[in-house]
Each structure stands twice: as structure tokens, then as C-alpha cells.
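**Q** What follows is input_38.txt, compact mmCIF, C-alpha atoms.
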```
# COMPACT_ATOMS: atom_id res chain seq x y z
CA MET A 7 84.75 110.54 121.02
CA LEU A 8 83.98 106.83 120.71
CA ILE A 9 81.15 107.67 118.31
CA ILE A 10 83.57 109.50 116.03
CA LEU A 11 86.05 106.62 116.22
CA VAL A 12 83.34 104.09 115.27
CA MET A 13 82.31 106.27 112.36
CA CYS A 14 85.91 106.55 111.16
CA ILE A 15 86.23 102.75 111.20
CA GLY A 16 82.98 102.62 109.22
CA ILE A 17 84.40 105.09 106.68
CA ALA A 18 87.50 102.90 106.20
CA VAL A 19 85.35 99.77 105.84
CA GLY A 20 83.03 101.53 103.38
CA LYS A 21 85.95 102.81 101.31
CA PHE A 22 88.04 99.64 101.10
CA LEU A 23 86.01 96.56 102.04
CA ILE A 24 82.33 96.89 101.15
CA PRO A 25 81.21 96.55 97.52
CA ARG A 26 79.11 99.39 96.05
CA LYS A 27 76.21 96.92 95.61
CA ALA A 28 75.72 96.80 99.38
CA LYS A 29 74.69 100.47 99.52
CA ASN A 30 70.97 99.69 99.73
CA ILE A 31 71.40 97.10 102.48
CA ASN A 32 73.48 99.58 104.44
CA ALA A 33 70.77 102.24 104.04
CA LYS A 34 68.18 99.78 105.38
CA ILE A 35 70.37 98.95 108.41
CA SER A 36 70.77 102.67 109.04
CA LEU A 37 66.99 103.21 108.91
CA LEU A 38 66.30 100.25 111.20
CA CYS A 39 68.79 101.52 113.78
CA THR A 40 67.29 105.02 113.65
CA LEU A 41 63.75 103.77 114.20
CA THR A 42 64.89 101.49 117.04
CA LEU A 43 66.69 104.41 118.71
CA ILE A 44 63.66 106.66 118.43
CA PHE A 45 61.41 103.89 119.74
CA SER A 46 63.64 103.32 122.78
CA MET A 47 63.84 107.09 123.37
CA GLY A 48 60.02 107.24 123.46
CA ALA A 49 59.84 104.24 125.81
CA MET A 50 62.45 105.72 128.16
CA LEU A 51 60.67 109.08 128.23
CA ALA A 52 57.27 107.61 128.97
CA ALA A 53 58.75 105.47 131.74
CA ARG A 54 60.16 108.64 133.38
CA GLU A 55 58.25 109.50 136.55
CA ASN A 56 55.80 112.39 136.18
CA PHE A 57 56.83 113.05 132.57
CA PHE A 58 53.36 114.08 131.42
CA GLY A 59 52.85 116.18 134.56
CA GLU A 60 56.01 118.13 133.70
CA LEU A 61 54.91 118.42 130.08
CA MET A 62 51.58 119.97 131.08
CA SER A 63 52.86 122.40 133.72
CA LEU A 64 55.99 123.68 131.98
CA GLY A 65 54.92 123.03 128.39
CA ILE A 66 54.56 126.61 127.11
CA LYS A 67 57.79 127.86 128.73
CA SER A 68 59.65 124.82 127.39
CA PHE A 69 58.14 125.28 123.94
CA LEU A 70 59.34 128.90 123.79
CA PHE A 71 62.79 127.84 125.01
CA PHE A 72 62.84 125.38 122.13
CA LEU A 73 61.36 127.70 119.51
CA PHE A 74 63.47 130.85 119.86
CA PRO A 75 66.93 129.23 120.19
CA THR A 76 66.17 126.90 117.25
CA ALA A 77 64.79 129.69 115.05
CA PHE A 78 67.69 132.01 115.87
CA SER A 79 70.22 129.23 115.24
CA VAL A 80 68.73 128.54 111.80
CA ALA A 81 68.61 132.27 111.00
CA VAL A 82 72.22 132.96 112.09
CA VAL A 83 73.60 129.89 110.26
CA PHE A 84 71.57 130.78 107.14
CA PHE A 85 72.97 134.33 107.22
CA MET A 86 76.57 133.25 107.92
CA SER A 87 76.57 130.53 105.26
CA GLY A 88 75.17 133.07 102.78
CA LEU A 89 78.06 135.42 103.58
CA MET A 90 80.51 132.54 103.17
CA LYS A 91 79.10 131.69 99.73
CA LYS A 92 79.26 135.35 98.66
CA LYS A 93 82.90 135.61 99.74
CA ASP A 94 83.76 132.43 97.83
CA LYS A 95 82.07 133.76 94.69
CA ASN A 96 83.97 137.07 94.91
CA LYS A 97 87.23 135.20 95.42
CA LYS A 98 86.61 133.03 92.36
CA ARG A 99 85.76 136.11 90.27
CA GLN A 100 88.98 137.82 91.34
CA GLU A 101 90.99 134.69 90.50
CA LYS A 102 89.47 134.64 86.99
CA MET B 22 60.26 109.05 106.73
CA ILE B 23 58.59 111.61 109.04
CA LEU B 24 55.62 109.28 109.47
CA LEU B 25 57.90 106.36 110.25
CA THR B 26 59.84 108.46 112.76
CA LEU B 27 56.72 109.73 114.50
CA SER B 28 55.20 106.24 114.56
CA ALA B 29 58.35 104.83 116.17
CA LEU B 30 58.31 107.59 118.80
CA LEU B 31 54.60 107.15 119.52
CA LEU B 32 54.93 103.37 119.70
CA GLY B 33 57.83 103.78 122.12
CA VAL B 34 55.79 106.12 124.34
CA ILE B 35 52.83 103.71 124.32
CA CYS B 36 55.10 100.76 125.20
CA GLY B 37 56.83 102.79 127.93
CA LEU B 38 53.48 103.77 129.43
CA ASN B 39 51.68 100.46 129.23
CA VAL B 40 54.40 97.87 129.58
CA PRO B 41 57.24 99.50 131.54
CA ASP B 42 58.65 96.10 132.56
CA ASN B 43 58.58 94.63 129.05
CA ILE B 44 61.83 92.72 128.46
CA ILE B 45 62.23 93.81 124.84
CA VAL B 46 61.64 97.48 125.68
CA SER B 47 64.05 97.47 128.61
CA MET B 48 66.64 95.54 126.58
CA LEU B 49 66.45 98.09 123.77
CA SER B 50 66.63 101.01 126.21
CA GLU B 51 69.61 99.57 128.07
CA ASN B 52 71.47 98.82 124.85
CA SER B 53 70.64 102.01 122.99
CA ASP B 54 74.36 102.92 123.02
CA ILE B 55 75.18 99.77 121.03
CA ILE B 56 72.43 100.58 118.51
CA LEU B 57 73.88 104.07 118.20
CA TYR B 58 77.34 102.62 117.50
CA ILE B 59 75.90 100.31 114.82
CA LEU B 60 74.16 103.33 113.32
CA MET B 61 77.39 105.36 113.32
CA PHE B 62 79.28 102.46 111.75
CA SER B 63 76.62 102.24 109.05
CA VAL B 64 76.74 106.02 108.49
CA GLY B 65 80.55 105.73 108.26
CA ILE B 66 80.21 103.05 105.57
CA SER B 67 77.83 105.31 103.67
CA ILE B 68 80.36 108.17 103.81
CA GLY B 69 83.25 105.89 102.85
CA MET B 70 81.38 104.80 99.71
CA GLN B 71 81.22 108.39 98.41
CA ASP B 72 83.96 109.45 96.00
CA GLY B 73 85.74 112.78 96.45
CA ILE B 74 84.04 113.71 99.71
CA PHE B 75 87.26 114.37 101.64
CA ARG B 76 88.61 116.67 98.94
CA LYS B 77 85.43 118.74 99.30
CA LEU B 78 85.82 118.86 103.08
CA ARG B 79 89.43 119.97 102.79
CA ASP B 80 88.19 122.89 100.69
CA TYR B 81 86.05 124.07 103.61
CA ASN B 82 89.12 124.64 105.82
CA ILE B 83 88.38 126.83 108.90
CA LYS B 84 84.92 127.62 107.47
CA ILE B 85 83.83 124.25 108.87
CA PHE B 86 83.40 125.96 112.26
CA ILE B 87 80.94 128.55 110.95
CA ILE B 88 77.98 126.22 111.59
CA PRO B 89 78.66 125.45 115.30
CA LEU B 90 79.56 129.12 115.88
CA GLY B 91 76.27 130.20 114.29
CA ILE B 92 74.34 127.66 116.37
CA ILE B 93 75.95 128.84 119.62
CA ILE B 94 75.30 132.51 118.81
CA GLY B 95 71.72 131.78 117.69
CA SER B 96 70.88 129.60 120.70
CA THR B 97 72.30 132.15 123.14
CA LEU B 98 70.34 134.98 121.48
CA GLY B 99 67.21 132.84 121.55
CA GLY B 100 67.72 132.16 125.25
CA LEU B 101 68.15 135.89 125.86
CA VAL B 102 64.87 136.72 124.07
CA CYS B 103 63.02 133.95 125.98
CA SER B 104 64.36 135.22 129.31
CA LEU B 105 63.04 138.70 128.57
CA LEU B 106 59.67 137.37 127.41
CA LEU B 107 59.16 134.94 130.29
CA ASN B 108 60.78 136.98 133.05
CA VAL B 109 63.48 134.37 133.71
CA PRO B 110 66.97 135.58 134.83
CA VAL B 111 68.95 136.21 131.62
CA PHE B 112 71.96 133.98 132.37
CA LYS B 113 69.73 131.10 133.45
CA GLY B 114 67.73 131.44 130.24
CA MET B 115 70.88 131.42 128.13
CA ALA B 116 72.09 128.31 129.98
CA VAL B 117 68.81 126.50 129.15
CA ALA B 118 69.01 127.49 125.48
CA ASP B 119 72.67 126.47 125.22
CA GLY B 120 71.70 122.85 125.91
CA MET B 121 71.42 122.88 122.09
CA GLY B 122 69.27 119.75 122.08
CA TRP B 123 71.31 117.66 124.52
CA TYR B 124 68.37 117.17 126.87
CA SER B 125 69.82 114.51 129.18
CA LEU B 126 72.93 116.47 130.12
CA SER B 127 71.34 119.93 130.20
CA GLY B 128 68.31 118.70 132.18
CA VAL B 129 70.43 117.10 134.89
CA THR B 130 73.10 119.81 135.05
CA ILE B 131 70.70 122.76 135.08
CA GLY B 132 68.46 120.90 137.55
CA LYS B 133 71.41 120.69 139.93
CA LEU B 134 72.59 124.27 139.37
CA GLY B 135 69.28 126.09 139.02
CA GLY B 136 66.63 123.95 140.70
CA ALA B 137 64.10 121.31 139.61
CA GLU B 138 61.78 123.65 137.67
CA LEU B 139 64.54 125.12 135.51
CA GLY B 140 66.00 121.62 135.08
CA SER B 141 62.63 120.38 133.80
CA ILE B 142 62.37 123.32 131.39
CA ALA B 143 65.89 122.55 130.14
CA PHE B 144 65.01 118.88 129.72
CA MET B 145 61.70 119.51 127.94
CA SER B 146 62.87 122.34 125.68
CA ASN B 147 65.97 120.47 124.52
CA LEU B 148 63.94 117.31 124.01
CA MET B 149 61.51 119.36 121.90
CA ARG B 150 64.46 120.65 119.87
CA GLU B 151 65.41 117.08 119.04
CA ILE B 152 61.88 115.87 118.30
CA PHE B 153 60.84 118.93 116.28
CA SER B 154 64.09 118.74 114.32
CA PHE B 155 62.92 115.40 112.92
CA MET B 156 59.86 117.17 111.54
CA LEU B 157 61.57 120.44 110.53
CA ILE B 158 64.62 119.04 108.71
CA PRO B 159 62.72 118.00 105.53
CA PHE B 160 61.47 121.60 105.17
CA LEU B 161 64.71 123.28 106.29
CA ALA B 162 66.59 121.28 103.63
CA LYS B 163 64.96 123.62 101.08
CA LEU B 164 66.73 126.59 102.73
CA GLY B 165 70.07 124.80 102.48
CA PRO B 166 71.80 121.82 104.11
CA PHE B 167 73.43 123.94 106.83
CA CYS B 168 70.02 125.00 108.16
CA CYS B 169 69.18 121.33 108.84
CA ILE B 170 72.30 121.06 111.01
CA ALA B 171 71.44 124.35 112.75
CA SER B 172 68.07 123.06 113.86
CA ALA B 173 69.54 119.80 115.16
CA GLY B 174 72.25 121.55 117.24
CA ALA B 175 74.30 119.14 119.34
CA THR B 176 72.16 116.17 118.26
CA SER B 177 73.42 116.46 114.68
CA GLU B 178 76.12 113.86 115.36
CA ASP B 179 73.76 111.11 116.55
CA THR B 180 69.96 110.96 116.70
CA THR B 181 69.07 113.46 113.98
CA LEU B 182 71.97 112.42 111.75
CA PRO B 183 70.05 109.80 109.72
CA ILE B 184 67.31 112.34 108.92
CA ILE B 185 69.98 114.84 107.84
CA LEU B 186 71.51 112.10 105.66
CA LYS B 187 68.11 111.36 104.14
CA TYR B 188 67.38 114.97 103.14
CA THR B 189 70.88 116.27 102.34
CA ASN B 190 74.06 114.48 101.20
CA GLU B 191 77.14 112.67 102.52
CA GLU B 192 79.21 115.86 102.56
CA THR B 193 76.67 117.52 104.89
CA VAL B 194 76.68 114.41 107.08
CA VAL B 195 80.39 114.78 107.75
CA LEU B 196 79.89 118.48 108.57
CA SER B 197 76.98 117.43 110.76
CA VAL B 198 79.13 115.01 112.78
CA ILE B 199 81.85 117.63 113.25
CA ASN B 200 79.22 120.20 114.26
CA GLY B 201 77.67 117.78 116.78
CA ALA B 202 81.05 117.08 118.35
CA VAL B 203 81.91 120.80 118.63
CA CYS B 204 78.48 121.75 120.02
CA SER B 205 78.51 118.83 122.49
CA PHE B 206 81.94 119.97 123.66
CA PHE B 207 80.63 123.47 124.33
CA VAL B 208 77.29 122.54 126.03
CA PRO B 209 78.72 121.85 129.54
CA ILE B 210 81.19 124.74 129.20
CA LEU B 211 78.49 127.27 128.28
CA ILE B 212 76.07 126.05 130.98
CA SER B 213 78.79 126.39 133.65
CA LEU B 214 79.84 129.75 132.22
CA TRP B 215 76.32 131.27 132.36
CA PHE B 216 75.70 129.90 135.85
CA GLY B 217 78.97 131.50 136.91
CA PHE B 218 77.28 134.89 136.36
CA VAL B 219 74.11 134.00 138.33
```
If you convert what's in this file into C-alpha cells, what do you get?
**A**
Amino acid sequence: MLIILVMCIGIAVGKFLIPRKAKNINAKISLLCTLTLIFSMGAMLAARENFFGELMSLGIKSFLFFLFPTAFSVAVVFFMSGLMKKKDKNKKRQEK
Amino acid sequence: MILLTLSALLLGVICGLNVPDNIIVSMLSENSDIILYILMFSVGISIGMQDGIFRKLRDYNIKIFIIPLGIIIGSTLGGLVCSLLLNVPVFKGMAVADGMGWYSLSGVTIGKLGGAELGSIAFMSNLMREIFSFMLIPFLAKLGPFCCIASAGATSEDTTLPIILKYTNEETVVLSVINGAVCSFFVPILISLWFGFV
């Protein structure tokens, strides 16, 4: 919840306090933070005991448990958002 | 961007392996929450600078929940298929898949409820979902912005958010944050629910 609160404060600051010119600087800060987070994630993972041992022994099972849920999620959301768009189009046609 | 992301990850792994006691590395790791807050503040500023974004979101209404619902249904179905393929008990498989990318929580929780091996599978598979999302999002963006969020699952409100921002737009970013919050809310509930049937 704190993350959402921080973002909301950011939205208010971006809307009322920061000039439009600062957009590029803000994008750079965002990129720097992202790369730092990914770097620290990699460092934390590698420091985990027996990480590569786990990766080798359970790799294929884990890969399938990543692949199928991700692929199904994308497929279901793609299908549902398509339906949503169709409904909206029909509604607009009827309104006209 | 993908190259930069992968380089950062690889560099982090190399540093973690070779210099585990490095002060800079441990300082960054310990303060990753603060970096995440700075990132969210910066993302907030980016959203705040967009004109008319909230009007667009208001137009979505209840339809805003279609994405997390689709992700939960898709992940659960994926877990079911994996269980059948790998001969893992169905409810345990669905619990692993419903980690939806939140590897730290699902790894620990499933490890406690279902044993170390299943916990490791939950950790690794959900970590893979996060890492592969970085690489998949640029291609999924061609299918539509919602598909980027679907791949990211519960991580769409934090780690994968900047990549989503890069390849979609500010409107999708707001949907992405809402989706991440909803999915994160349901991860512990779904894991407990499926283990209740074991």
C-alpha cells in the first residue's frame, strides 16, 4: 500500500509542481532506479545459498511452471480485452 | 533497454558471486525498498505530467478488473496443465502458478506448506516469470498493452513497471499498478486456498 501512496504523491507533484521541461530528467532517474533494482536483485540471488544447484536440478520443472501460467495469462487477457473492445464498439454503434 | 536490463542483472549476479561482502552491493541490496520508492515517485511524476489520463481511466469503470481476473484464470489454468504434464498434485501446481511472479512470497510460503522442493520450484518459476517478462514485454506490446501486464502478473506494480512504461503509455502504467496491487492481494489468498484442498 505504501508503494501506491508514494506513487500518488508523485502524481500530485508531477501535476502541480514539476515543469514539463523536467520530463527527460525524470525518465533518466526512472531508468537509473530500474537498473539499480535489477542489479541488486541479481546480487541478492547469486548470494543465495545453493542458488545454482537449485537452478540445475529443478530448472525444467520451474521453466514449465513459468511458461504455461504466463502463456495462458497472456492468452486469456488477450481474449478478454478483445471481447471488451468488441462490446465497446457495438455500444458506440448502437448509440449512433 | 533489454540489453541494459540484462547487463544489469548479469553484473549483479557476477558481483553477488564474486564479492558477496562488497559494501556497495550489500548497501544497494539492503536499501532496495528505498530505490523502489524513488522509482514509484518518479513513475508517479511521469503519470501526473500526462493530460487527460484520469478521464480515460474513469471510462474504464469496472472493466479495470478484467486484466487481473484474466491473469488469475490464466495462471491457474497454466498451473493445472503443468501439474498434469509433470505429475504434480493439481492443487499444489495451481498454488505454484498463482505466485504470479511474486517469487519471494510464493517461494517461502509454498516451501513451508508443501516442502523445500516445491518451494524451490515456486521460487524459480516465479523468478523466471519476472526475468522473462523483461524480455517478452517489448514483443508482447505488439499484441496490445494489456498483454504486457498479463505477462508481468503481480510484478506489474513494481519491478516490471518501468519496462511496461517504456513500451506502452502512461494510461497502461496506471492500469499496471492497479493490476499489480490486485494480483498481489490475491497471491497469498490463492496459495492458502489451494493448499486447503491438499
**Q** Per residue of chain A within 6 Å of chain B, which atom pair is closest and at what distance in Å (one decimal), using all atoms listed in the file, listed by chain and increasing number, as a tab-separated table?
**A**
```
residue	atom	partner	partner_atom	distance
A:Val12	CA	B:Phe62	CA	5.6
A:Met13	CA	B:Gly65	CA	4.5
A:Gly16	CA	B:Gly65	CA	4.1
A:Ile17	CA	B:Gly69	CA	4.1
A:Gly20	CA	B:Ile66	CA	3.9
A:Lys21	CA	B:Gly69	CA	4.4
A:Ser36	CA	B:Leu60	CA	5.5
A:Cys39	CA	B:Leu60	CA	5.7
A:Leu41	CA	B:Ala29	CA	5.8
A:Ile44	CA	B:Leu30	CA	5.4
A:Phe45	CA	B:Gly33	CA	4.3
A:Ser46	CA	B:Ser50	CA	5.1
A:Gly48	CA	B:Gly33	CA	4.3
A:Ala49	CA	B:Gly37	CA	4.0
A:Ala52	CA	B:Gly37	CA	5.0
A:Ala53	CA	B:Gly37	CA	5.0
A:Ser68	CA	B:Ser146	CA	4.4
A:Phe69	CA	B:Ser146	CA	5.8
A:Phe71	CA	B:Ser146	CA	5.5
A:Phe72	CA	B:Ser146	CA	4.7
A:Phe74	CA	B:Gly99	CA	4.6
A:Pro75	CA	B:Gly99	CA	3.9
A:Thr76	CA	B:Ser172	CA	5.5
A:Phe78	CA	B:Gly95	CA	4.4
A:Ser79	CA	B:Gly95	CA	3.8
A:Val80	CA	B:Ala171	CA	5.1
A:Val82	CA	B:Gly91	CA	5.4
A:Val83	CA	B:Gly91	CA	4.8
```
**Q** Go ahead and write the selection's residues with C-alpha atoms as a PDB file, in the frame of the given file.
**A**
```pdb
ATOM      1  CA  VAL A  12      83.340 104.090 115.270  1.00  0.00           C
ATOM      2  CA  MET A  13      82.310 106.270 112.360  1.00  0.00           C
ATOM      3  CA  GLY A  16      82.980 102.620 109.220  1.00  0.00           C
ATOM      4  CA  ILE A  17      84.400 105.090 106.680  1.00  0.00           C
ATOM      5  CA  GLY A  20      83.030 101.530 103.380  1.00  0.00           C
ATOM      6  CA  LYS A  21      85.950 102.810 101.310  1.00  0.00           C
ATOM      7  CA  SER A  36      70.770 102.670 109.040  1.00  0.00           C
ATOM      8  CA  CYS A  39      68.790 101.520 113.780  1.00  0.00           C
ATOM      9  CA  LEU A  41      63.750 103.770 114.200  1.00  0.00           C
ATOM     10  CA  ILE A  44      63.660 106.660 118.430  1.00  0.00           C
ATOM     11  CA  PHE A  45      61.410 103.890 119.740  1.00  0.00           C
ATOM     12  CA  SER A  46      63.640 103.320 122.780  1.00  0.00           C
ATOM     13  CA  GLY A  48      60.020 107.240 123.460  1.00  0.00           C
ATOM     14  CA  ALA A  49      59.840 104.240 125.810  1.00  0.00           C
ATOM     15  CA  ALA A  52      57.270 107.610 128.970  1.00  0.00           C
ATOM     16  CA  ALA A  53      58.750 105.470 131.740  1.00  0.00           C
ATOM     17  CA  SER A  68      59.650 124.820 127.390  1.00  0.00           C
ATOM     18  CA  PHE A  69      58.140 125.280 123.940  1.00  0.00           C
ATOM     19  CA  PHE A  71      62.790 127.840 125.010  1.00  0.00           C
ATOM     20  CA  PHE A  72      62.840 125.380 122.130  1.00  0.00           C
ATOM     21  CA  PHE A  74      63.470 130.850 119.860  1.00  0.00           C
ATOM     22  CA  PRO A  75      66.930 129.230 120.190  1.00  0.00           C
ATOM     23  CA  THR A  76      66.170 126.900 117.250  1.00  0.00           C
ATOM     24  CA  PHE A  78      67.690 132.010 115.870  1.00  0.00           C
ATOM     25  CA  SER A  79      70.220 129.230 115.240  1.00  0.00           C
ATOM     26  CA  VAL A  80      68.730 128.540 111.800  1.00  0.00           C
ATOM     27  CA  VAL A  82      72.220 132.960 112.090  1.00  0.00           C
ATOM     28  CA  VAL A  83      73.600 129.890 110.260  1.00  0.00           C
TER      29      VAL A  83
END
```
**Q** Counting all atoms listed in the file, which residue out of B:Ala116, B:Leu196, B:Phe75, B:Leu157 sits closest to Leu73 in chain A?
**A**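 Among the listed residues, the smallest separation from Leu73 in chain A belongs to B:Leu157.
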**Q** Please measure the separation of CA of Ile15 in chain A and CA of Ile35 in chain A, giving the value in Å to one decimal.
**A**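 Interatomic distance here is 16.5 Å.
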**Q** Give me, please, the distance in Å between CA of Leu126 in chain B and CA of Phe57 in chain A, quoted to one decimal.
**A**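 A separation of 16.6 Å between them.
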**Q** So what do you get for CA of Ala137 in chain B versus CA of Phe206 in chain B, distance-wise?
**A**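 A separation of 24.0 Å between them.
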**Q** Pick out the residues sitting within 8 Å of Gly140 in chain B, and hand them over as a list of chain:residue names; count only C-alpha atoms, and ignore anything fewer than 3 positions along from it in its own chain.
**A** B:Ser127, B:Gly128, B:Val129, B:Thr130, B:Ile131, B:Gly132, B:Lys133, B:Gly135, B:Gly136, B:Ala137, B:Ala143, B:Phe144
**Q** Tell me which of B:Thr176, B:Tyr81, B:Leu105, B:Met156 sits closest to Val203 in chain B, counting all atoms listed in the file.
**A** B:Thr176
**Q** Assuming the input is short of atoms at range 173-200 of chain B, produce N, CA and C atoms for that part as a compact mmCIF listing (two decimals), in the frame of the given file.
**A**
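New file rebuild22.txt:
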```
# COMPACT_ATOMS: atom_id res chain seq x y z
N ALA B 173 69.20 120.98 114.35
CA ALA B 173 69.54 119.80 115.16
C ALA B 173 70.48 120.13 116.32
N GLY B 174 71.32 121.15 116.18
CA GLY B 174 72.25 121.55 117.24
C GLY B 174 73.23 120.44 117.59
N ALA B 175 73.33 120.15 118.90
CA ALA B 175 74.30 119.14 119.34
C ALA B 175 73.89 117.72 118.95
N THR B 176 72.62 117.53 118.60
CA THR B 176 72.16 116.17 118.26
C THR B 176 72.51 115.79 116.82
N SER B 177 73.14 116.73 116.09
CA SER B 177 73.42 116.46 114.68
C SER B 177 74.46 115.36 114.47
N GLU B 178 75.13 114.94 115.54
CA GLU B 178 76.12 113.86 115.36
C GLU B 178 75.53 112.49 115.67
N ASP B 179 74.32 112.43 116.26
CA ASP B 179 73.76 111.11 116.55
C ASP B 179 72.31 110.95 116.12
N THR B 180 71.36 111.33 116.98
CA THR B 180 69.96 110.96 116.70
C THR B 180 69.38 111.57 115.44
N THR B 181 69.68 112.84 115.17
CA THR B 181 69.07 113.46 113.98
C THR B 181 69.91 113.24 112.71
N LEU B 182 71.07 112.62 112.89
CA LEU B 182 71.97 112.42 111.75
C LEU B 182 71.34 111.64 110.58
N PRO B 183 70.63 110.53 110.85
CA PRO B 183 70.05 109.80 109.72
C PRO B 183 69.03 110.62 108.93
N ILE B 184 68.29 111.50 109.62
CA ILE B 184 67.31 112.34 108.92
C ILE B 184 68.06 113.36 108.05
N ILE B 185 69.16 113.89 108.61
CA ILE B 185 69.98 114.84 107.84
C ILE B 185 70.53 114.12 106.60
N LEU B 186 70.98 112.90 106.79
CA LEU B 186 71.51 112.10 105.66
C LEU B 186 70.44 111.90 104.60
N LYS B 187 69.22 111.64 105.06
CA LYS B 187 68.11 111.36 104.14
C LYS B 187 67.78 112.59 103.28
N TYR B 188 67.84 113.78 103.87
CA TYR B 188 67.38 114.97 103.14
C TYR B 188 68.51 115.84 102.60
N THR B 189 69.78 115.49 102.91
CA THR B 189 70.88 116.27 102.34
C THR B 189 71.82 115.32 101.58
N ASN B 190 73.11 115.36 101.89
CA ASN B 190 74.06 114.48 101.20
C ASN B 190 75.19 114.07 102.15
N GLU B 191 76.07 113.22 101.67
CA GLU B 191 77.14 112.67 102.52
C GLU B 191 78.09 113.76 103.02
N GLU B 192 78.32 114.76 102.19
CA GLU B 192 79.21 115.86 102.56
C GLU B 192 78.63 116.59 103.78
N THR B 193 77.33 116.85 103.76
CA THR B 193 76.67 117.52 104.89
C THR B 193 76.71 116.64 106.13
N VAL B 194 76.64 115.33 105.93
CA VAL B 194 76.68 114.41 107.08
C VAL B 194 78.01 114.53 107.83
N VAL B 195 79.09 114.63 107.09
CA VAL B 195 80.39 114.78 107.75
C VAL B 195 80.44 116.11 108.52
N LEU B 196 79.95 117.18 107.89
CA LEU B 196 79.89 118.48 108.57
C LEU B 196 79.00 118.39 109.80
N SER B 197 77.94 117.61 109.67
CA SER B 197 76.98 117.43 110.76
C SER B 197 77.63 116.75 111.97
N VAL B 198 78.43 115.73 111.70
CA VAL B 198 79.13 115.01 112.78
C VAL B 198 80.12 115.95 113.48
N ILE B 199 80.87 116.69 112.67
CA ILE B 199 81.85 117.63 113.25
C ILE B 199 81.12 118.68 114.08
N ASN B 200 80.01 119.19 113.53
CA ASN B 200 79.22 120.20 114.26
C ASN B 200 78.72 119.64 115.60
```
